[in-house]
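This is final_38.cif (mmCIF, C-alpha atoms).
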```
data_model
loop_
_atom_site.label_atom_id
_atom_site.label_comp_id
_atom_site.auth_asym_id
_atom_site.auth_seq_id
_atom_site.Cartn_x
_atom_site.Cartn_y
_atom_site.Cartn_z
CA MET X 1107 9.52 -10.20 54.60
CA THR X 1108 12.29 -12.60 53.74
CA ASN X 1109 13.93 -15.76 54.84
CA SER X 1110 17.56 -15.30 53.75
CA THR X 1111 20.81 -17.21 53.73
CA HIS X 1112 24.18 -15.94 52.56
CA ARG X 1113 27.00 -17.70 50.72
CA THR X 1114 30.41 -16.19 50.02
CA ILE X 1115 32.08 -17.02 46.73
CA GLU X 1116 35.43 -15.49 45.76
CA SER X 1117 34.98 -12.46 48.04
CA SER X 1118 31.42 -11.86 46.80
CA THR X 1119 28.27 -12.65 48.68
CA ILE X 1120 25.29 -14.39 47.16
CA ARG X 1121 22.15 -13.78 49.17
CA LEU X 1122 19.44 -16.41 48.81
CA ALA X 1123 15.98 -15.25 49.83
CA ASN X 1124 12.48 -16.66 50.05
CA SER X 1125 9.39 -14.52 50.40
CA THR X 1126 7.43 -15.22 53.57
CA ALA X 1127 4.31 -14.05 51.71
CA MET X 1128 4.41 -17.30 49.72
CA THR X 1129 4.90 -20.95 50.46
CA ALA X 1130 8.52 -22.05 50.70
CA PRO X 1131 9.94 -23.39 47.43
CA LEU X 1132 8.65 -26.89 46.75
CA GLY X 1133 11.95 -27.99 45.18
CA HIS X 1134 15.68 -27.51 45.68
CA TYR X 1135 15.90 -23.78 44.87
CA SER X 1136 15.33 -20.33 46.37
CA HIS X 1137 12.77 -17.78 45.21
CA VAL X 1138 15.58 -15.25 44.70
CA ALA X 1139 19.38 -15.18 44.45
CA VAL X 1140 21.01 -11.73 44.72
CA HIS X 1141 24.59 -11.09 43.65
CA ASN X 1142 26.43 -7.85 42.90
CA GLY X 1143 23.25 -5.77 42.95
CA VAL X 1144 21.29 -8.06 40.65
CA ALA X 1145 18.33 -10.23 41.72
CA HIS X 1146 17.72 -13.43 39.78
CA ILE X 1147 14.14 -14.54 40.40
CA SER X 1148 13.13 -18.15 39.89
CA GLY X 1149 10.27 -18.94 37.56
CA GLN X 1150 6.98 -18.06 39.23
CA LEU X 1151 3.90 -20.17 38.66
CA PRO X 1152 0.27 -19.40 39.49
CA LEU X 1153 0.26 -20.71 43.04
CA HIS X 1154 -1.87 -19.56 45.95
CA PRO X 1155 0.12 -18.29 48.98
CA ASP X 1156 -0.25 -21.73 50.60
CA GLY X 1157 1.32 -23.38 47.53
CA THR X 1158 -1.89 -24.75 46.04
CA PRO X 1159 -1.69 -24.73 42.23
CA ALA X 1160 -4.21 -22.56 40.40
CA ALA X 1161 -4.11 -24.32 37.01
CA ASP X 1162 -7.91 -24.55 36.93
CA GLU X 1163 -8.29 -20.76 37.23
CA PRO X 1164 -8.91 -18.61 34.11
CA PHE X 1165 -5.78 -17.49 32.24
CA ASP X 1166 -5.95 -13.84 33.37
CA THR X 1167 -6.27 -14.96 37.00
CA GLN X 1168 -3.19 -17.16 36.59
CA VAL X 1169 -1.27 -14.23 35.10
CA ARG X 1170 -2.24 -11.95 38.00
CA MET X 1171 -1.18 -14.62 40.52
CA VAL X 1172 2.19 -15.04 38.81
CA LEU X 1173 2.76 -11.26 38.82
CA ARG X 1174 1.74 -11.06 42.50
CA ASN X 1175 4.25 -13.81 43.28
CA LEU X 1176 6.87 -11.93 41.27
CA ASP X 1177 6.14 -8.79 43.34
CA ASN X 1178 6.63 -10.86 46.52
CA CYS X 1179 9.98 -12.13 45.23
CA LEU X 1180 11.08 -8.62 44.23
CA ALA X 1181 10.24 -7.39 47.74
CA ALA X 1182 12.22 -10.27 49.28
CA ALA X 1183 15.18 -9.16 47.16
CA GLY X 1184 14.80 -5.54 48.30
CA THR X 1185 13.60 -4.16 44.98
CA ASP X 1186 10.42 -3.73 42.94
CA ARG X 1187 8.98 -4.02 39.43
CA ASP X 1188 10.34 -0.60 38.40
CA HIS X 1189 13.82 -2.13 38.62
CA LEU X 1190 13.17 -5.12 36.37
CA ILE X 1191 15.92 -5.56 33.80
CA SER X 1192 14.71 -8.64 31.94
CA VAL X 1193 11.61 -10.85 32.01
CA THR X 1194 11.18 -14.29 30.47
CA VAL X 1195 7.64 -15.57 29.97
CA CYS X 1196 6.52 -19.09 29.12
CA VAL X 1197 2.93 -19.75 28.02
CA THR X 1198 1.38 -23.05 27.04
CA ASP X 1199 -0.91 -21.43 24.46
CA ILE X 1200 0.78 -18.71 22.43
CA ALA X 1201 -2.70 -17.56 21.32
CA GLN X 1202 -3.11 -16.22 24.88
CA TRP X 1203 -0.05 -13.99 24.50
CA PRO X 1204 -2.10 -10.83 23.76
CA GLU X 1205 -4.11 -11.37 26.97
CA PHE X 1206 -0.87 -11.82 28.93
CA ASP X 1207 0.58 -8.68 27.40
CA THR X 1208 -2.50 -6.62 28.37
CA VAL X 1209 -2.37 -7.70 32.03
CA TYR X 1210 1.44 -7.36 32.09
CA ALA X 1211 1.35 -3.81 30.65
CA GLU X 1212 -1.28 -2.80 33.23
CA TRP X 1213 0.87 -4.26 36.04
CA LEU X 1214 4.13 -2.75 34.80
CA GLY X 1215 2.97 0.71 33.70
CA SER X 1216 5.44 2.78 31.69
CA HIS X 1217 8.53 0.69 32.60
CA ARG X 1218 9.57 -1.59 29.71
CA PRO X 1219 12.30 -4.09 30.63
CA ALA X 1220 13.77 -6.46 28.07
CA ARG X 1221 11.50 -9.45 27.55
CA ALA X 1222 11.34 -12.84 25.88
CA VAL X 1223 8.33 -15.10 25.39
CA ALA X 1224 8.30 -18.79 24.65
CA GLY X 1225 5.43 -21.05 23.77
CA VAL X 1226 5.93 -24.32 25.64
CA SER X 1227 4.07 -27.61 25.57
CA SER X 1228 3.53 -27.83 29.33
CA LEU X 1229 4.43 -26.28 32.68
CA HIS X 1230 4.62 -27.72 36.18
CA TYR X 1231 1.27 -28.35 37.94
CA GLY X 1232 -0.54 -27.83 34.62
CA ALA X 1233 -0.04 -24.05 34.79
CA ALA X 1234 -0.69 -21.93 31.71
CA VAL X 1235 2.03 -19.33 32.43
CA GLU X 1236 5.39 -18.99 34.20
CA VAL X 1237 7.54 -15.86 34.58
CA GLN X 1238 11.23 -15.60 35.48
CA ALA X 1239 12.95 -12.23 35.95
CA ILE X 1240 16.16 -10.32 36.61
CA ALA X 1241 16.08 -7.03 38.51
CA ALA X 1242 18.48 -4.40 39.81
CA VAL X 1243 18.71 -4.19 43.59
CA GLY X 1244 19.32 -0.95 45.39
CA THR X 1245 16.60 1.50 46.25
CA ARG X 1246 12.96 0.63 45.90
CA SER X 1247 10.56 2.95 44.06
CA GLN X 1248 8.05 4.95 46.04
CA GLU X 1249 4.48 3.81 45.36
#
```
Using structure tokens, write down the structure from this file.
Amino acid sequence: MTNSTHRTIESSTIRLANSTAMTAPLGHYSHVAVHNGVAHISGQLPLHPDGTPAADEPFDTQVRMVLRNLDNCLAAAGTDRDHLISVTVCVTDIAQWPEFDTVYAEWLGSHRPARAVAGVSSLHYGAAVEVQAIAAVGTRSQE
């Protein structure tokens, strides 16, 4: 499910979409912007579907919430995790990177998009992890 708007720029359309499976963005942005077959997904934090932050949850729970939110954004864009091109991950404790990588590998399976990780001093709402992604849009994989 999506809530979409369209903007035309120089004969190209940018489709802005928000997943209805999550709370609407709490700032001046869209969950997803799609242009020329590429979905740019805003950084996803560990938020419950109603928008309540989950910063007090264990790290692995926060990671799973972020990946669930990423799945919701991919669906709103008309694609899925098998079409991820690039993923950027921010963690507030780089020592938790191996735990992130284990959950991420389980979630992603054999697909291995390009990836970057950054240790950061803090994230919004006190979250321990945030993930931003770029994905190809076209046909969705069969699950």
Within-9 Å shell of (-0.7, -12.3, 44.7) in input frame, only C-alpha atoms, as a ChimeraX atom specification: /X:1127-1128,1152-1155,1170-1178
Find the residues near range 1158-1165 of chain X: any atom within 8 Å, counting all atoms listed in the file, skip ones fewer than 5 places away on the same chain, and give them as a CSV table (one decimal) with C-alpha atoms, keeping the file's coordinate frame.
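Output below, filename part_12.csv:
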```csv
chain,number,residue,atom,x,y,z
X,1152,PRO,CA,0.3,-19.4,39.5
X,1153,LEU,CA,0.3,-20.7,43.0
X,1202,GLN,CA,-3.1,-16.2,24.9
X,1231,TYR,CA,1.3,-28.4,37.9
X,1232,GLY,CA,-0.5,-27.8,34.6
X,1233,ALA,CA,0.0,-24.0,34.8
X,1234,ALA,CA,-0.7,-21.9,31.7
```
Nearest residue to Ala1242 in chain X from the set X:Thr1198, X:Ala1130, X:Pro1219, X:Ile1120 (distances using all atoms listed in the file):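 Residue with the minimum atom-to-atom distance to Ala1242 in chain X: X:Pro1219.
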Minimum-distance residue to Ala1222 in chain X, chosen among X:Val1235, X:Val1138, X:Ala1201, X:Val1193 (using all atoms listed in the file):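 Checking each candidate against Ala1222 in chain X, we get X:Val1193 as the closest.
Each of X:Thr1208, X:Val1144, X:Ser1228, X:Ala1241 was compared to His1189 in chain X using all atoms listed in the file, and X:Ala1241 turns out to be the nearest.
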CA of Glu1205 in chain X to CA of Val1243 in chain X, straight-line distance in Å: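 That distance, rounded to one decimal, is 29.1 Å.
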Protein/DNA/RNA residues near (13.7, -11.1, 26.6), cut 12 Å, only C-alpha atoms, as a PyMOL selection string: chain X and resi 1190-1196+1218-1224+1237-1240
Could I get range 1207-1220 of chain X rebuilt with N, CA and C atoms, written as an mmCIF file, in the frame of the given file?
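See rebuild06.cif below for the written result:
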```cif
data_model
loop_
_atom_site.group_PDB
_atom_site.id
_atom_site.type_symbol
_atom_site.label_atom_id
_atom_site.label_comp_id
_atom_site.auth_asym_id
_atom_site.auth_seq_id
_atom_site.Cartn_x
_atom_site.Cartn_y
_atom_site.Cartn_z
ATOM 1 N N ASP X 1207 -0.041 -9.977 27.611
ATOM 2 C CA ASP X 1207 0.580 -8.680 27.400
ATOM 3 C C ASP X 1207 -0.275 -7.538 27.949
ATOM 4 N N THR X 1208 -1.593 -7.642 27.835
ATOM 5 C CA THR X 1208 -2.500 -6.620 28.370
ATOM 6 C C THR X 1208 -2.398 -6.534 29.888
ATOM 7 N N VAL X 1209 -2.461 -7.678 30.560
ATOM 8 C CA VAL X 1209 -2.370 -7.700 32.030
ATOM 9 C C VAL X 1209 -0.977 -7.242 32.470
ATOM 10 N N TYR X 1210 0.054 -7.700 31.785
ATOM 11 C CA TYR X 1210 1.440 -7.360 32.090
ATOM 12 C C TYR X 1210 1.667 -5.852 31.956
ATOM 13 N N ALA X 1211 1.181 -5.254 30.867
ATOM 14 C CA ALA X 1211 1.350 -3.810 30.650
ATOM 15 C C ALA X 1211 0.633 -3.011 31.736
ATOM 16 N N GLU X 1212 -0.545 -3.464 32.141
ATOM 17 C CA GLU X 1212 -1.280 -2.800 33.230
ATOM 18 C C GLU X 1212 -0.478 -2.875 34.527
ATOM 19 N N TRP X 1213 0.093 -4.029 34.813
ATOM 20 C CA TRP X 1213 0.870 -4.260 36.040
ATOM 21 C C TRP X 1213 2.163 -3.444 36.028
ATOM 22 N N LEU X 1214 2.805 -3.356 34.879
ATOM 23 C CA LEU X 1214 4.130 -2.750 34.800
ATOM 24 C C LEU X 1214 4.093 -1.240 34.562
ATOM 25 N N GLY X 1215 3.026 -0.725 33.970
ATOM 26 C CA GLY X 1215 2.970 0.710 33.700
ATOM 27 C C GLY X 1215 3.926 1.104 32.595
ATOM 28 N N SER X 1216 4.585 2.247 32.764
ATOM 29 C CA SER X 1216 5.440 2.780 31.690
ATOM 30 C C SER X 1216 6.820 2.112 31.600
ATOM 31 N N HIS X 1217 7.229 1.363 32.629
ATOM 32 C CA HIS X 1217 8.530 0.690 32.600
ATOM 33 C C HIS X 1217 8.487 -0.443 31.578
ATOM 34 N N ARG X 1218 9.528 -0.571 30.768
ATOM 35 C CA ARG X 1218 9.570 -1.590 29.710
ATOM 36 C C ARG X 1218 10.900 -2.335 29.718
ATOM 37 N N PRO X 1219 11.052 -3.322 30.619
ATOM 38 C CA PRO X 1219 12.300 -4.090 30.630
ATOM 39 C C PRO X 1219 12.406 -4.973 29.384
ATOM 40 N N ALA X 1220 13.592 -5.491 29.141
ATOM 41 C CA ALA X 1220 13.770 -6.460 28.070
ATOM 42 C C ALA X 1220 12.875 -7.663 28.374
#
```
